[in-house]
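Undergrad: Pasting a structure here, questions to come.
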Amino acid sequence: MKICVVGSGYVGLVTGTCFSEIGNHVVCVDIDQSKIDGLHKGILPIYEPGLDDMVSRCVKAKRLSFSADPAAVLREEGPDVVFVAVGTPSRRDGAAHLGYVDDVAKMVAENITKEVVLVLKSTVPVGTNTRVRNIVKDAKHGVHVVSNPEFLKEGEAVGDFLRPDRIVVGVSDGDEHARGIMERLYHPVCLKEEKIVWMNPESAEMTKYVANTMLAMRISFMNEVAGLCEKVGADVHSVRRGVGRDDRIGSKFLYSGPGYGGSCFPKDVSALVHTGRENDVEIELAVATDRVNQRQKGILVRKLRKHLGDLRGKRIAVWGIAFKPKTDDIRESPAITLIDSVIADGGQILAHDPIASKNAKELYKDQIKIVDDQYEATEGADALVLVTEWRPYQSPDFERLKETMTVPLLIDGRNIWSTYPLKGMGFNYEGVGVIGK
């Protein structure tokens, strides 16, 4: 099947490459010429484990190619399916900006040479499918609009695509052509069992926002519980295990920390709140989830101030800048909140991240020092703050840290070190809702 993916960022590149991997001919397009030039050279605009090898393999097999001219691809390649994977950034009021989606819809209507299925893979608010159908209704060839939100976890996206737990597809009543195309597209990843969950487009659009808000809600709730644990002498690790063993609750997304970040949870929670308000429904739990998260992102600097007082002139080592391991994405990362706060207080930041350093350097320029060795960041440090639980940070050389740090203060934002006997080693240790040893 011939596929055109418009938007070659995280979602588009993973989607296009994985569809190519299972035998389809895919063209990933993007109006960013530098991004396409890089892809032609084998340079990916994102970091995602396993994706670079897959891209190389599919390009070599001539099933995957790239273009900066989406209109030409639509006219000349004659795709059967067009995936929309462009950005939908948040506006100031929390609503999703749909200008890029509209542009793609208009371009498809004007340039297709045959009947196509137009698949909305971008995260969009309820009603977007109808909006796009209105844009393409007068196209010279039939355009079947389908809602197919992505559920790819950064750092595990390739596996999520090829081994999905579910595939949400929203198709208008009676559109058998679109349903047949989507069944064929996803058949190779549904060989063991049926994974497609069929619904109307509005339900598919809602499902994406609800899923991410539900997960964000669990994180915010456990962060509030962690704060209470610190007050009453309970250990949030023990509470999490005791609660997570209940089959009705489960153990995932019950970890306390410095708040959630990334490109999805913050944006999708805000968009759900905005959608509710547009329809005179106040989603109060979603509002509270965001409010708690905004407060939680300041917890690490608050702990630093508690132990060090005035941060002016203090050297703070930061391990981890990405919002989670196995990605170079620093958008909405708790590390950004921490770094900005320390800078504002007059402190100095020495940071390390095994993957996200390049993005951090582009953001901060010479405001902070980013080093290539994690222990170099701790030399002369008044505190070490663990923000992202990369594996090299999980069992460090504590004796070396004791020698290199000026003040043996460890702030563990992920509670990774809570079971180590750090107090006996001479460290002042504090996690998030844990007792520590």
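Within each chain, counting starts at residue 1; across the structure tokens, chains are named A, B, ... in the order shown, with ligands numbered 1 upward in that order.
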Within 7 Å of region 280-295 of chain A, which residues of region 139-217 of chain A show up? Give each one with its shortest atom-to-atom distance in Å (one decimal) and the two atoms involved, counting only C-alpha atoms, rows by chain then rising residue number, as CSV.

TA:
```
residue,atom,partner,partner_atom,distance
A:Thr213,CA,A:Ala286,CA,6.7
A:Ala216,CA,A:Thr289,CA,6.9
A:Met217,CA,A:Thr289,CA,5.3
```

Undergrad: Excluding Phe151 (chain A) and residues on its chain fewer than 4 positions from it, collect all residues at most 10 Å away from it, counting only C-alpha atoms, and give them as a PyMOL selection string.

TA: chain A and resi 11+121+123+157+160-161+164-168+208+211-212+264

Undergrad: Write out, as a tab-separated table (two decimals), in the first residue's frame, the residues just selected, with N, CA, C and O atoms.

TA:
```
chain	number	residue	atom	x	y	z
A	11	VAL	N	5.95	11.59	15.99
A	11	VAL	CA	4.86	10.69	15.62
A	11	VAL	C	4.95	10.29	14.15
A	11	VAL	O	4.83	9.11	13.80
A	121	LYS	N	-3.69	11.38	12.70
A	121	LYS	CA	-2.84	10.75	13.71
A	121	LYS	C	-2.44	11.77	14.78
A	121	LYS	O	-2.14	11.40	15.92
A	123	THR	N	-2.73	14.53	17.68
A	123	THR	CA	-3.65	14.64	18.80
A	123	THR	C	-4.49	15.89	18.62
A	123	THR	O	-3.97	17.01	18.61
A	157	ALA	N	8.57	3.66	21.48
A	157	ALA	CA	7.59	3.89	20.42
A	157	ALA	C	7.57	2.79	19.37
A	157	ALA	O	6.51	2.40	18.88
A	160	ASP	N	5.79	-0.13	20.76
A	160	ASP	CA	4.37	0.20	20.92
A	160	ASP	C	3.63	0.09	19.58
A	160	ASP	O	2.47	-0.33	19.55
A	161	PHE	N	4.29	0.51	18.51
A	161	PHE	CA	3.64	0.45	17.20
A	161	PHE	C	3.52	-1.00	16.72
A	161	PHE	O	2.45	-1.42	16.24
A	164	PRO	N	1.13	-3.32	19.63
A	164	PRO	CA	0.22	-2.41	20.36
A	164	PRO	C	-0.70	-3.15	21.32
A	164	PRO	O	-1.03	-4.32	21.10
A	165	ASP	N	-1.09	-2.46	22.41
A	165	ASP	CA	-2.10	-3.05	23.28
A	165	ASP	C	-3.50	-2.79	22.75
A	165	ASP	O	-4.42	-3.55	23.00
A	166	ARG	N	-3.64	-1.69	21.97
A	166	ARG	CA	-4.89	-1.43	21.27
A	166	ARG	C	-4.63	-0.41	20.17
A	166	ARG	O	-3.68	0.36	20.25
A	167	ILE	N	-5.49	-0.43	19.16
A	167	ILE	CA	-5.44	0.53	18.06
A	167	ILE	C	-6.81	1.17	17.98
A	167	ILE	O	-7.79	0.51	17.63
A	168	VAL	N	-6.89	2.44	18.32
A	168	VAL	CA	-8.18	3.13	18.34
A	168	VAL	C	-8.43	3.74	16.96
A	168	VAL	O	-7.62	4.50	16.45
A	208	LYS	N	-8.11	9.65	23.31
A	208	LYS	CA	-6.72	10.08	23.46
A	208	LYS	C	-6.56	11.00	24.65
A	208	LYS	O	-5.67	10.81	25.51
A	211	ALA	N	-7.28	9.15	28.05
A	211	ALA	CA	-6.22	8.21	28.45
A	211	ALA	C	-5.04	8.94	29.08
A	211	ALA	O	-4.56	8.57	30.16
A	212	ASN	N	-4.57	9.99	28.43
A	212	ASN	CA	-3.41	10.71	28.96
A	212	ASN	C	-3.75	11.46	30.23
A	212	ASN	O	-2.92	11.54	31.15
A	264	CYS	N	3.10	15.42	25.69
A	264	CYS	CA	1.72	14.91	25.66
A	264	CYS	C	0.89	15.27	26.89
A	264	CYS	O	-0.14	15.94	26.79
```

Undergrad: Leaving out Cys229 (chain A) and any residue of its chain fewer than 5 positions from it, which residues lie within 12 Å of it when counting only C-alpha atoms, given as a list in words?

TA: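 Using only C-alpha atoms, the neighbours found are Met222, Asn223, Glu224, Ala234, Asp235, Val236, His237, Ser238, Val239, Arg240, Ser256, Gly431, Val432, Gly433, Val434 and Ile435 of chain A.
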
Undergrad: Could you turn the residues from that selection into a file that holds N, CA, C and O atoms, as a PDB file, in the first residue's frame?

TA:
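This went into selection28.pdb:
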```
ATOM      1  N   MET A 222      -0.421  10.577  43.365  1.00  0.00           N
ATOM      2  CA  MET A 222       0.647   9.978  44.158  1.00  0.00           C
ATOM      3  C   MET A 222       1.646  11.025  44.622  1.00  0.00           C
ATOM      4  O   MET A 222       2.251  10.879  45.687  1.00  0.00           O
ATOM      5  N   ASN A 223       1.815  12.092  43.867  1.00  0.00           N
ATOM      6  CA  ASN A 223       2.692  13.160  44.332  1.00  0.00           C
ATOM      7  C   ASN A 223       2.091  13.872  45.541  1.00  0.00           C
ATOM      8  O   ASN A 223       2.818  14.280  46.461  1.00  0.00           O
ATOM      9  N   GLU A 224       0.774  14.022  45.561  1.00  0.00           N
ATOM     10  CA  GLU A 224       0.128  14.584  46.750  1.00  0.00           C
ATOM     11  C   GLU A 224       0.258  13.633  47.938  1.00  0.00           C
ATOM     12  O   GLU A 224       0.510  14.058  49.064  1.00  0.00           O
ATOM     13  N   ALA A 234       5.203   8.198  56.840  1.00  0.00           N
ATOM     14  CA  ALA A 234       4.960   7.027  55.993  1.00  0.00           C
ATOM     15  C   ALA A 234       5.947   7.032  54.829  1.00  0.00           C
ATOM     16  O   ALA A 234       6.580   8.040  54.519  1.00  0.00           O
ATOM     17  N   ASP A 235       6.088   5.877  54.195  1.00  0.00           N
ATOM     18  CA  ASP A 235       6.994   5.739  53.062  1.00  0.00           C
ATOM     19  C   ASP A 235       6.166   5.474  51.806  1.00  0.00           C
ATOM     20  O   ASP A 235       5.431   4.487  51.732  1.00  0.00           O
ATOM     21  N   VAL A 236       6.278   6.355  50.814  1.00  0.00           N
ATOM     22  CA  VAL A 236       5.422   6.250  49.640  1.00  0.00           C
ATOM     23  C   VAL A 236       5.718   4.997  48.830  1.00  0.00           C
ATOM     24  O   VAL A 236       4.830   4.473  48.143  1.00  0.00           O
ATOM     25  N   HIS A 237       6.951   4.483  48.906  1.00  0.00           N
ATOM     26  CA  HIS A 237       7.256   3.214  48.231  1.00  0.00           C
ATOM     27  C   HIS A 237       6.378   2.095  48.786  1.00  0.00           C
ATOM     28  O   HIS A 237       5.802   1.296  48.036  1.00  0.00           O
ATOM     29  N   SER A 238       6.301   2.022  50.098  1.00  0.00           N
ATOM     30  CA  SER A 238       5.495   0.980  50.735  1.00  0.00           C
ATOM     31  C   SER A 238       4.022   1.168  50.410  1.00  0.00           C
ATOM     32  O   SER A 238       3.300   0.200  50.118  1.00  0.00           O
ATOM     33  N   VAL A 239       3.571   2.415  50.442  1.00  0.00           N
ATOM     34  CA  VAL A 239       2.168   2.705  50.121  1.00  0.00           C
ATOM     35  C   VAL A 239       1.878   2.298  48.675  1.00  0.00           C
ATOM     36  O   VAL A 239       0.843   1.679  48.380  1.00  0.00           O
ATOM     37  N   ARG A 240       2.789   2.642  47.764  1.00  0.00           N
ATOM     38  CA  ARG A 240       2.592   2.296  46.349  1.00  0.00           C
ATOM     39  C   ARG A 240       2.476   0.781  46.160  1.00  0.00           C
ATOM     40  O   ARG A 240       1.592   0.313  45.436  1.00  0.00           O
ATOM     41  N   SER A 256       5.888   8.485  42.712  1.00  0.00           N
ATOM     42  CA  SER A 256       6.003   9.915  43.018  1.00  0.00           C
ATOM     43  C   SER A 256       7.308  10.455  42.448  1.00  0.00           C
ATOM     44  O   SER A 256       8.242   9.713  42.163  1.00  0.00           O
ATOM     45  N   GLY A 431      14.513  12.166  49.382  1.00  0.00           N
ATOM     46  CA  GLY A 431      13.753  11.795  48.195  1.00  0.00           C
ATOM     47  C   GLY A 431      12.427  12.519  48.186  1.00  0.00           C
ATOM     48  O   GLY A 431      12.272  13.600  48.762  1.00  0.00           O
ATOM     49  N   VAL A 432      11.430  11.902  47.529  1.00  0.00           N
ATOM     50  CA  VAL A 432      10.101  12.498  47.439  1.00  0.00           C
ATOM     51  C   VAL A 432       9.098  11.539  48.082  1.00  0.00           C
ATOM     52  O   VAL A 432       8.631  10.589  47.453  1.00  0.00           O
ATOM     53  N   GLY A 433       8.842  11.734  49.361  1.00  0.00           N
ATOM     54  CA  GLY A 433       7.874  10.907  50.069  1.00  0.00           C
ATOM     55  C   GLY A 433       8.440   9.609  50.615  1.00  0.00           C
ATOM     56  O   GLY A 433       7.677   8.762  51.066  1.00  0.00           O
ATOM     57  N   VAL A 434       9.769   9.449  50.594  1.00  0.00           N
ATOM     58  CA  VAL A 434      10.395   8.220  51.116  1.00  0.00           C
ATOM     59  C   VAL A 434      11.172   8.541  52.381  1.00  0.00           C
ATOM     60  O   VAL A 434      11.562   9.678  52.624  1.00  0.00           O
ATOM     61  N   ILE A 435      11.405   7.500  53.165  1.00  0.00           N
ATOM     62  CA  ILE A 435      12.101   7.677  54.430  1.00  0.00           C
ATOM     63  C   ILE A 435      13.619   7.673  54.229  1.00  0.00           C
ATOM     64  O   ILE A 435      14.338   8.491  54.787  1.00  0.00           O
TER      65      ILE A 435
END
```

Undergrad: Could you work out how far CA of Tyr393 (chain A) lies from CA of Val225 (chain A), giving the answer in Å with one decimal?

TA: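 Rounded to one decimal, the two atoms are 25.4 Å apart.
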
Undergrad: Write out as a PyMOL selection string all residues of region 110-216 of chain A that DSSP puts in strand (DSSP E) for this structure's backbone.

TA: chain A and resi 116-120+143-147+167-170+196-199

Undergrad: Can you tell me, as a ChimeraX atom specification, which residues in region 255-435 of chain A count as alpha helix (DSSP H) by DSSP?

TA: /A:265-278,284-296,299-308,334-344,357-364,398-404

Undergrad: Do you know which residues are at most 8 Å from Thr419 (chain A) counting only C-alpha atoms, after dropping those on the same chain fewer than 3 positions away, and could you put them as number ranges by chain?

TA: A: 416, 436-437

Undergrad: Write a file of the just-selected residues containing N, CA and C atoms, as a PDB file, in the first residue's frame.

TA:
```pdb
ATOM      1  N   ILE A 416      15.267   6.703  43.504  1.00  0.00           N
ATOM      2  CA  ILE A 416      16.052   5.570  43.039  1.00  0.00           C
ATOM      3  C   ILE A 416      17.041   5.103  44.106  1.00  0.00           C
ATOM      4  N   GLY A 436      14.121   6.790  53.374  1.00  0.00           N
ATOM      5  CA  GLY A 436      15.563   6.723  53.160  1.00  0.00           C
ATOM      6  C   GLY A 436      16.253   5.984  54.280  1.00  0.00           C
ATOM      7  N   LYS A 437      17.497   5.589  54.033  1.00  0.00           N
ATOM      8  CA  LYS A 437      18.250   4.829  55.034  1.00  0.00           C
ATOM      9  C   LYS A 437      19.525   5.583  55.424  1.00  0.00           C
TER      10      LYS A 437
END
```
